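> My questions all concern the structure below.
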Amino acid sequence: MDTETFLSTSYTRIRASASVPPGTSVPTLPHPSLLSAARTSFPSILPTQGQGPTSTLTHLTRDIAPALAGHNLSGRYYGFVTGSTLPIAEAADNLVSAFDNSAQVHLPGQSISTEVEDVALRMLIEFLKLGKAEEWAGRTFTTGATASNVLGLACGREGVITARLREIPGKEEDGGSVGELGLIRACAEAGVKEIQVLTSMGHSSLYKAASVVGLGRASVKDLPVSPLEPWRLDLDAVEEELQREGVASIVVVSAGEVNTGRFATRGLEDMERLRELADRYGAWIHVDGAFGIFARSLPETEEFAQLRESAAGLELADSITVDGHKLLNVPYDTGIFFTRHSSIPPAVFQNPNAVYLSSSSTSTIPSPLNIGLENSRRFRALPVYAVLLSEGREGLATMLARMTQLAQGVADALLSNLKEDYELLPETASVPHTHIVVLFRARDPGLNAVLVQKIQDSGEWYVSGTKWKGEPACRIAVASWRVNVQEDLAFVKERLTNIAKEWKESR
Ligand SMILES: *Cc1c(COP(=O)(O)O)cnc(C)c1O
């Protein structure tokens, strides 16, 4: 099959299976019997003689596929922040597998893959309104926001320690680096006894990243402005921490926070102050913008003004985490990492002395293997490139608007019609501050204890359970291109009304 036929049949097939007739409900979870059936279908040992592709395909479609979660097929899966996959992204991803190019070394005479990556990254910088692509010369694709946070802390660590090594008399030109000397020796030479990560309600992956890059989970310090707004970073406390003698700091801005969707900074002024502090005390600012950063790209209308303001100023960071497989609706596993400091990623991630892996000396695009974690890796950029090209700025902004409108509609209902039975959280929540996450609980503690399970068991929709101030809470995260604001809002309102009604009747 030629490539054109391959791609167009792939797209047509995906598009056909993607268009679910209105009113049809796609199961969000596999029925328990399908999970058991899949389990009993596994071979107990590796077959000596393979069963061949035909029989294997039958097994995959008959036993395995029905036992997978339906979050990509149902527009009403509001768990975690899973995202979904636009048909054009899935088609592009099939092409990625078909050609199996590794975007590892920039070899302009051999594959266009690294150039496509660069074009996609440049367009993303534009879409997220981060400024000029040249200002974010350190940029690459990762496996997700966790990996991007690892890159962020690794680069932050390199940035803050290298700067101090250069302050040593006689070492202004080259005082070494963490990448070269290792963390312990570099810190000893720089007179740094501790590296701390200052944040407010940092994502769990931040603690993991701190462990991976040798800072330790205990290095992460939570500095909330108040119990009422625990997601907001206390900038006075940050200023105090930055002045500690012999301590280097990385400030991580949660944008947005995963339980509430709220932002650690209130907008440009907060970010300007943070930038000024970081510059004065030699700290690094990393923004974990996995999904929240997309608030910057919402349509320029009044209904999203508060969100655009909350996400303003994030471009003042030293590095930024973006997730592709969440709101951008490309398949797993796709994350993006940006830093202004183009020399720092190679200082950490260079794959030295592998001459056979070098690209031409005149190339302007750095080889991905020197700026990220992997050597060989998937050509992850193609689905992102395809989505940006297919939808364009306006199409994507409209998709993000639909997600936000549904979340805001649910928040609005929880504050009005559903108010008697449910409580919108956190206490200070409001419709204009609602991005794609809605946190709430049932007022009746008995119902609240089983609410998430009731919703999940319905198989019609899915929400995540979480805790807010020690109590169980329910969390809706809208992240699929399939969102139909009117229909889905009516659906959620109706289901929540019925759940409360049935609960009261059963008492
Ligand atoms: C989802 C998320 C992460 C982790 O992202 P993965 O893509 O699952 O690795 C990190 N930070 C925030 C704020 C997130 O929402």
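Identifiers in the structure tokens: chain A, B, ... in order shown; residue index from 1 per chain; ligand index from 1 in order shown.
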Could you produce a table of the residues of chain A lying within 7 Å of ligand 1, with the nearest pair of atoms per residue and their separation in Å rounded to one decimal, using only C-alpha atoms and all ligand atoms, ordered by chain and increasing residue number, as JSON lines?

```
{"residue": "A:Val81", "atom": "CA", "partner": "ligand 1", "partner_atom_place_in_ligand_line": "1 (C)", "distance": 6.2}
{"residue": "A:Gly144", "atom": "CA", "partner": "ligand 1", "partner_atom_place_in_ligand_line": "7 (O)", "distance": 3.7}
{"residue": "A:Ala145", "atom": "CA", "partner": "ligand 1", "partner_atom_place_in_ligand_line": "5 (O)", "distance": 3.7}
{"residue": "A:Thr146", "atom": "CA", "partner": "ligand 1", "partner_atom_place_in_ligand_line": "9 (O)", "distance": 3.6}
{"residue": "A:Ala147", "atom": "CA", "partner": "ligand 1", "partner_atom_place_in_ligand_line": "9 (O)", "distance": 6.1}
{"residue": "A:His203", "atom": "CA", "partner": "ligand 1", "partner_atom_place_in_ligand_line": "11 (N)", "distance": 5.0}
{"residue": "A:Ser205", "atom": "CA", "partner": "ligand 1", "partner_atom_place_in_ligand_line": "10 (C)", "distance": 5.5}
{"residue": "A:Ser254", "atom": "CA", "partner": "ligand 1", "partner_atom_place_in_ligand_line": "13 (C)", "distance": 6.2}
{"residue": "A:Ala255", "atom": "CA", "partner": "ligand 1", "partner_atom_place_in_ligand_line": "13 (C)", "distance": 6.5}
{"residue": "A:Gly256", "atom": "CA", "partner": "ligand 1", "partner_atom_place_in_ligand_line": "13 (C)", "distance": 5.9}
{"residue": "A:Glu257", "atom": "CA", "partner": "ligand 1", "partner_atom_place_in_ligand_line": "13 (C)", "distance": 5.7}
{"residue": "A:Val258", "atom": "CA", "partner": "ligand 1", "partner_atom_place_in_ligand_line": "15 (O)", "distance": 5.1}
{"residue": "A:Asp288", "atom": "CA", "partner": "ligand 1", "partner_atom_place_in_ligand_line": "13 (C)", "distance": 5.5}
{"residue": "A:Gly289", "atom": "CA", "partner": "ligand 1", "partner_atom_place_in_ligand_line": "13 (C)", "distance": 5.9}
{"residue": "A:Ala290", "atom": "CA", "partner": "ligand 1", "partner_atom_place_in_ligand_line": "12 (C)", "distance": 4.7}
{"residue": "A:Phe291", "atom": "CA", "partner": "ligand 1", "partner_atom_place_in_ligand_line": "15 (O)", "distance": 5.7}
{"residue": "A:Asp323", "atom": "CA", "partner": "ligand 1", "partner_atom_place_in_ligand_line": "7 (O)", "distance": 5.7}
{"residue": "A:His325", "atom": "CA", "partner": "ligand 1", "partner_atom_place_in_ligand_line": "7 (O)", "distance": 6.9}
{"residue": "A:Gly335", "atom": "CA", "partner": "ligand 1", "partner_atom_place_in_ligand_line": "7 (O)", "distance": 6.4}
```
> What are the DSSP helix (DSSP H, G or I) residues of segment 100-348 of chain A, as a ChimeraX atom specification?
/A:113-127,133-136,145-166,178-181,183-190,204-212,217-219,235-242,268-281,292-297,302-310,314-316,344-348
> In terms of the shortest atom-to-atom distance over only C-alpha atoms, which of A:Ala490, A:Val322, A:Ile45, A:Leu60 is closest to His286 of chain A?
A:Val322
> Set the distance at 10 Å and use only C-alpha atoms: which residues neighbour Lys419 of chain A once local chain neighbours fewer than 6 positions away are removed? I'd like the list as a PyMOL selection string.
chain A and resi 412-413+442-443
> Neighbouring residues of Ser219 of chain A were defined as those with any atom within 6 Å, considering only C-alpha atoms; residues of the same chain fewer than 3 positions away were excluded. Please report them as a list in words.
Gln196, Val197 and Gly216 of chain A
> Those residues you just picked out, can you put them in a file as a PDB file, in the first residue's frame with N, CA and C atoms?

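Saved file again-v2.pdb follows:
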```
ATOM      1  N   GLN A 196      17.186  23.287  47.271  1.00  0.00           N
ATOM      2  CA  GLN A 196      15.781  23.136  47.646  1.00  0.00           C
ATOM      3  C   GLN A 196      14.868  23.467  46.469  1.00  0.00           C
ATOM      4  N   VAL A 197      13.712  22.799  46.463  1.00  0.00           N
ATOM      5  CA  VAL A 197      12.704  23.023  45.426  1.00  0.00           C
ATOM      6  C   VAL A 197      11.501  23.667  46.104  1.00  0.00           C
ATOM      7  N   GLY A 216      16.307  14.746  46.054  1.00  0.00           N
ATOM      8  CA  GLY A 216      15.547  14.087  47.117  1.00  0.00           C
ATOM      9  C   GLY A 216      14.153  14.660  47.248  1.00  0.00           C
TER      10      GLY A 216
END
```
> From the set A:Leu34, A:Leu327, A:Leu418, A:Ala317, which residue has the shortest atom-to-atom contact distance to Glu135 of chain A, counting only C-alpha atoms?
A:Ala317
> Mind running segment 389-471 of chain A against segment 479-488 of chain A at 9 Å and telling me each contacting residue's nearest atom pair with the distance in Å (one decimal), counting only C-alpha atoms, chain and number ascending, as JSON lines?

```
{"residue": "A:Met399", "atom": "CA", "partner": "A:Trp481", "partner_atom": "CA", "distance": 5.9}
{"residue": "A:Leu400", "atom": "CA", "partner": "A:Trp481", "partner_atom": "CA", "distance": 8.0}
{"residue": "A:Arg402", "atom": "CA", "partner": "A:Val485", "partner_atom": "CA", "distance": 6.1}
{"residue": "A:Met403", "atom": "CA", "partner": "A:Ala479", "partner_atom": "CA", "distance": 6.2}
{"residue": "A:Thr404", "atom": "CA", "partner": "A:Ala479", "partner_atom": "CA", "distance": 8.9}
{"residue": "A:Gln405", "atom": "CA", "partner": "A:Val485", "partner_atom": "CA", "distance": 6.6}
{"residue": "A:Leu406", "atom": "CA", "partner": "A:Val485", "partner_atom": "CA", "distance": 5.1}
{"residue": "A:Ala407", "atom": "CA", "partner": "A:Val485", "partner_atom": "CA", "distance": 8.9}
{"residue": "A:Gly409", "atom": "CA", "partner": "A:Val485", "partner_atom": "CA", "distance": 8.2}
{"residue": "A:Ile436", "atom": "CA", "partner": "A:Ala479", "partner_atom": "CA", "distance": 7.1}
```
> Since we have the selection now, will you write its residues out, keeping C-alpha atoms, as a tab-separated table (two decimals), in the first residue's frame?

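Listing of selection-v2.tsv after writing:
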```
chain	number	residue	atom	x	y	z
A	399	MET	CA	-11.43	22.84	21.21
A	400	LEU	CA	-9.89	24.18	24.44
A	402	ARG	CA	-15.30	23.62	24.62
A	403	MET	CA	-13.43	21.80	27.39
A	404	THR	CA	-13.42	24.94	29.54
A	405	GLN	CA	-17.06	25.77	28.84
A	406	LEU	CA	-18.19	22.34	29.96
A	407	ALA	CA	-16.14	22.58	33.17
A	409	GLY	CA	-20.98	24.96	33.12
A	436	ILE	CA	-10.85	22.20	32.88
```
> Applying 8 Å and only C-alpha atoms, which residues near Ser464 of chain A remain after dropping the ones on its own chain fewer than 6 positions away? List them as a CSV table (one decimal) with N, CA, C and O atoms, in the first residue's frame.

```
chain,number,residue,atom,x,y,z
A,78,TYR,N,-14.0,11.6,32.5
A,78,TYR,CA,-13.4,12.8,33.1
A,78,TYR,C,-12.4,12.5,34.2
A,78,TYR,O,-12.2,13.2,35.2
A,79,GLY,N,-11.8,11.3,34.1
A,79,GLY,CA,-10.8,10.9,35.1
A,79,GLY,C,-9.5,11.5,34.9
A,79,GLY,O,-9.1,11.9,33.8
A,80,PHE,N,-8.7,11.5,36.0
A,80,PHE,CA,-7.3,12.0,35.9
A,80,PHE,C,-7.3,13.3,35.1
A,80,PHE,O,-8.1,14.1,35.2
A,452,VAL,N,-18.1,8.7,44.0
A,452,VAL,CA,-17.1,8.4,42.9
A,452,VAL,C,-17.4,7.0,42.4
A,452,VAL,O,-17.5,6.8,41.2
A,474,CYS,N,-14.7,14.6,44.7
A,474,CYS,CA,-14.9,14.1,43.3
A,474,CYS,C,-14.3,15.1,42.4
A,474,CYS,O,-14.3,16.3,42.6
A,475,ARG,N,-13.6,14.6,41.3
A,475,ARG,CA,-12.9,15.5,40.4
A,475,ARG,C,-13.3,15.2,39.0
A,475,ARG,O,-13.1,14.1,38.5
A,476,ILE,N,-13.7,16.3,38.3
A,476,ILE,CA,-14.0,16.1,36.9
A,476,ILE,C,-12.9,16.9,36.1
A,476,ILE,O,-12.6,18.0,36.4
```
> Please identify the strand (DSSP E) residues within segment 229-417 of chain A (assignment by DSSP from backbone atoms) and present them as a list in words.
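The strand (DSSP E) residues within segment 229-417 of chain A come out as Glu229, Pro230, Trp231, Arg232, Leu233, Val247, Ala248, Ser249, Ile250, Val251, Val252, Val253, Ser254, Trp284, Ile285, His286, Val287, Asp288, Ser319, Ile320, Thr321, Val322, Asp323, Gly335, Ile336, Phe337, Phe338 and Thr339 of chain A.
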> Go ahead and write the selection's residues with N, CA and C atoms as a short mmCIF file (atom, residue, chain, number, x, y, z; two decimals), in the first residue's frame.

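Wrote it out as part14.cif, contents follow:
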```cif
data_model
loop_
_atom_site.label_atom_id
_atom_site.label_comp_id
_atom_site.auth_asym_id
_atom_site.auth_seq_id
_atom_site.Cartn_x
_atom_site.Cartn_y
_atom_site.Cartn_z
N GLU A 229 -6.04 29.19 50.11
CA GLU A 229 -5.53 29.10 48.73
C GLU A 229 -4.21 28.34 48.73
N PRO A 230 -4.28 27.04 49.06
CA PRO A 230 -3.03 26.28 49.22
C PRO A 230 -2.24 26.10 47.92
N TRP A 231 -2.89 26.33 46.78
CA TRP A 231 -2.20 26.18 45.49
C TRP A 231 -1.34 27.40 45.16
N ARG A 232 -1.61 28.52 45.89
CA ARG A 232 -0.93 29.76 45.53
C ARG A 232 0.40 29.86 46.28
N LEU A 233 1.43 30.25 45.56
CA LEU A 233 2.79 30.31 46.11
C LEU A 233 2.96 31.59 46.93
N VAL A 247 22.51 27.82 50.27
CA VAL A 247 21.40 27.03 49.72
C VAL A 247 21.05 27.54 48.33
N ALA A 248 20.96 26.63 47.36
CA ALA A 248 20.53 27.01 46.01
C ALA A 248 19.08 26.57 45.82
N SER A 249 18.33 27.33 45.02
CA SER A 249 16.89 27.05 44.94
C SER A 249 16.37 26.97 43.51
N ILE A 250 15.41 26.05 43.35
CA ILE A 250 14.63 25.96 42.12
C ILE A 250 13.18 26.22 42.53
N VAL A 251 12.54 27.18 41.90
CA VAL A 251 11.14 27.48 42.23
C VAL A 251 10.27 26.82 41.18
N VAL A 252 9.31 26.01 41.61
CA VAL A 252 8.43 25.35 40.65
C VAL A 252 7.00 25.88 40.78
N VAL A 253 6.54 26.47 39.71
CA VAL A 253 5.22 27.09 39.68
C VAL A 253 4.21 26.07 39.16
N SER A 254 3.23 25.71 39.99
CA SER A 254 2.17 24.78 39.56
C SER A 254 1.15 25.55 38.72
N TRP A 284 16.31 29.35 39.91
CA TRP A 284 15.77 28.92 38.61
C TRP A 284 14.26 28.80 38.74
N ILE A 285 13.53 29.27 37.75
CA ILE A 285 12.07 29.12 37.79
C ILE A 285 11.64 28.08 36.76
N HIS A 286 10.98 27.04 37.26
CA HIS A 286 10.41 26.02 36.37
C HIS A 286 8.89 26.07 36.49
N VAL A 287 8.22 26.09 35.37
CA VAL A 287 6.75 26.08 35.37
C VAL A 287 6.26 24.68 35.02
N ASP A 288 5.49 24.06 35.93
CA ASP A 288 4.84 22.81 35.57
C ASP A 288 3.47 23.18 35.00
N SER A 319 12.33 27.47 32.55
CA SER A 319 11.95 26.25 31.84
C SER A 319 10.48 25.94 32.07
N ILE A 320 9.92 25.19 31.14
CA ILE A 320 8.47 24.93 31.16
C ILE A 320 8.17 23.48 30.77
N THR A 321 7.28 22.88 31.53
CA THR A 321 6.74 21.55 31.21
C THR A 321 5.38 21.72 30.54
N VAL A 322 5.20 21.02 29.42
CA VAL A 322 3.91 21.00 28.72
C VAL A 322 3.57 19.54 28.43
N ASP A 323 2.31 19.17 28.60
CA ASP A 323 1.92 17.82 28.21
C ASP A 323 1.25 17.86 26.85
N GLY A 335 5.24 14.51 25.75
CA GLY A 335 5.39 15.72 26.56
C GLY A 335 6.35 16.65 25.85
N ILE A 336 6.43 17.87 26.34
CA ILE A 336 7.31 18.86 25.72
C ILE A 336 8.07 19.57 26.83
N PHE A 337 9.30 19.91 26.54
CA PHE A 337 10.10 20.67 27.50
C PHE A 337 10.73 21.86 26.78
N PHE A 338 10.62 23.02 27.41
CA PHE A 338 11.23 24.24 26.87
C PHE A 338 12.16 24.85 27.91
N THR A 339 13.32 25.32 27.47
CA THR A 339 14.12 26.18 28.34
C THR A 339 14.75 27.29 27.50
#
```
> For each of A:Ile168, A:Ile195, A:Ala209, A:Leu107, take the minimum atom-to-atom distance to Ala154 of chain A, counting only C-alpha atoms, then give the residue where this is smallest.
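Closest to Ala154 of chain A of all the choices is A:Ala209.
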> Tell me, in Å to one decimal, how far atom CA of Ala163 of chain A is from atom CA of Leu223 of chain A.
24.9 Å
> Pick out the residues sitting within 12 Å of Arg185 of chain A, and hand them over as a PyMOL selection string; count only C-alpha atoms, and ignore anything fewer than 6 positions along from it in its own chain.
chain A and resi 161-162+165+175-179+191-193
> Skipping near chain neighbours, those fewer than 6 positions away, what residues fall within 12 Å of Gly138 of chain A using only C-alpha atoms, listed as a PyMOL selection string?
chain A and resi 118+121-122+125+151-152+155+318-320+336-349+365-368+370-372
> Nearest residue to Phe99 of chain A out of A:Ala449, A:Phe379, A:Val431, A:Thr143, using only C-alpha atoms?
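Among A:Ala449, A:Phe379, A:Val431, A:Thr143, it is A:Phe379 that comes nearest to Phe99 of chain A.
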> Separation of atom CA of Pro224 of chain A and atom CA of Tyr422 of chain A, in Å?
26.4 Å
> Quick one: contact table of segment 68-166 of chain A to segment 294-307 of chain A, 9 Å max, nearest atom pair and distance in Å to one decimal per residue, counting only C-alpha atoms, chain and number order, as a Markdown table?

```
| residue | atom | partner | partner_atom | distance |
| --- | --- | --- | --- | --- |
| A:Phe127 | CA | A:Ser297 | CA | 6.4 |
| A:Leu128 | CA | A:Ser297 | CA | 5.6 |
| A:Lys129 | CA | A:Arg296 | CA | 7.0 |
```
> Those selected residues, please, written with all heavy atoms and delivered as a PDB file, in the first residue's frame.

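File written: selection-v2.pdb
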```pdb
ATOM      1  N   PHE A 127       1.747  28.944  19.621  1.00  0.00           N
ATOM      2  CA  PHE A 127       0.382  28.669  20.093  1.00  0.00           C
ATOM      3  C   PHE A 127       0.231  29.016  21.576  1.00  0.00           C
ATOM      4  O   PHE A 127      -0.792  29.543  22.010  1.00  0.00           O
ATOM      5  CB  PHE A 127       0.027  27.195  19.835  1.00  0.00           C
ATOM      6  CG  PHE A 127      -1.362  26.847  20.271  1.00  0.00           C
ATOM      7  CD1 PHE A 127      -2.461  27.499  19.725  1.00  0.00           C
ATOM      8  CD2 PHE A 127      -1.587  25.869  21.225  1.00  0.00           C
ATOM      9  CE1 PHE A 127      -3.754  27.198  20.131  1.00  0.00           C
ATOM     10  CE2 PHE A 127      -2.874  25.558  21.636  1.00  0.00           C
ATOM     11  CZ  PHE A 127      -3.957  26.225  21.086  1.00  0.00           C
ATOM     12  N   LEU A 128       1.272  28.723  22.365  1.00  0.00           N
ATOM     13  CA  LEU A 128       1.207  28.979  23.808  1.00  0.00           C
ATOM     14  C   LEU A 128       1.607  30.413  24.161  1.00  0.00           C
ATOM     15  O   LEU A 128       1.681  30.776  25.335  1.00  0.00           O
ATOM     16  CB  LEU A 128       2.094  27.977  24.561  1.00  0.00           C
ATOM     17  CG  LEU A 128       1.633  26.517  24.457  1.00  0.00           C
ATOM     18  CD1 LEU A 128       2.701  25.570  25.011  1.00  0.00           C
ATOM     19  CD2 LEU A 128       0.309  26.304  25.187  1.00  0.00           C
ATOM     20  N   LYS A 129       1.883  31.213  23.134  1.00  0.00           N
ATOM     21  CA  LYS A 129       2.193  32.645  23.315  1.00  0.00           C
ATOM     22  C   LYS A 129       3.365  32.854  24.261  1.00  0.00           C
ATOM     23  O   LYS A 129       3.305  33.672  25.182  1.00  0.00           O
ATOM     24  CB  LYS A 129       0.942  33.381  23.800  1.00  0.00           C
ATOM     25  CG  LYS A 129      -0.220  33.163  22.851  1.00  0.00           C
ATOM     26  CD  LYS A 129      -1.468  33.871  23.273  1.00  0.00           C
ATOM     27  CE  LYS A 129      -2.534  33.577  22.208  1.00  0.00           C
ATOM     28  NZ  LYS A 129      -3.845  34.053  22.520  1.00  0.00           N
TER      29      LYS A 129
END
```
> From the list A:Val225, A:Leu7, A:Ala65, A:Ala190, which residue is nearest Ile88 of chain A when using only C-alpha atoms?
A:Leu7
> Which one of A:Ala133, A:Val463, A:Val330, A:Val387 sits closest to Gly83 of chain A if you count only C-alpha atoms?
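Once distances to Gly83 of chain A are computed over only C-alpha atoms, the minimum belongs to A:Val330.
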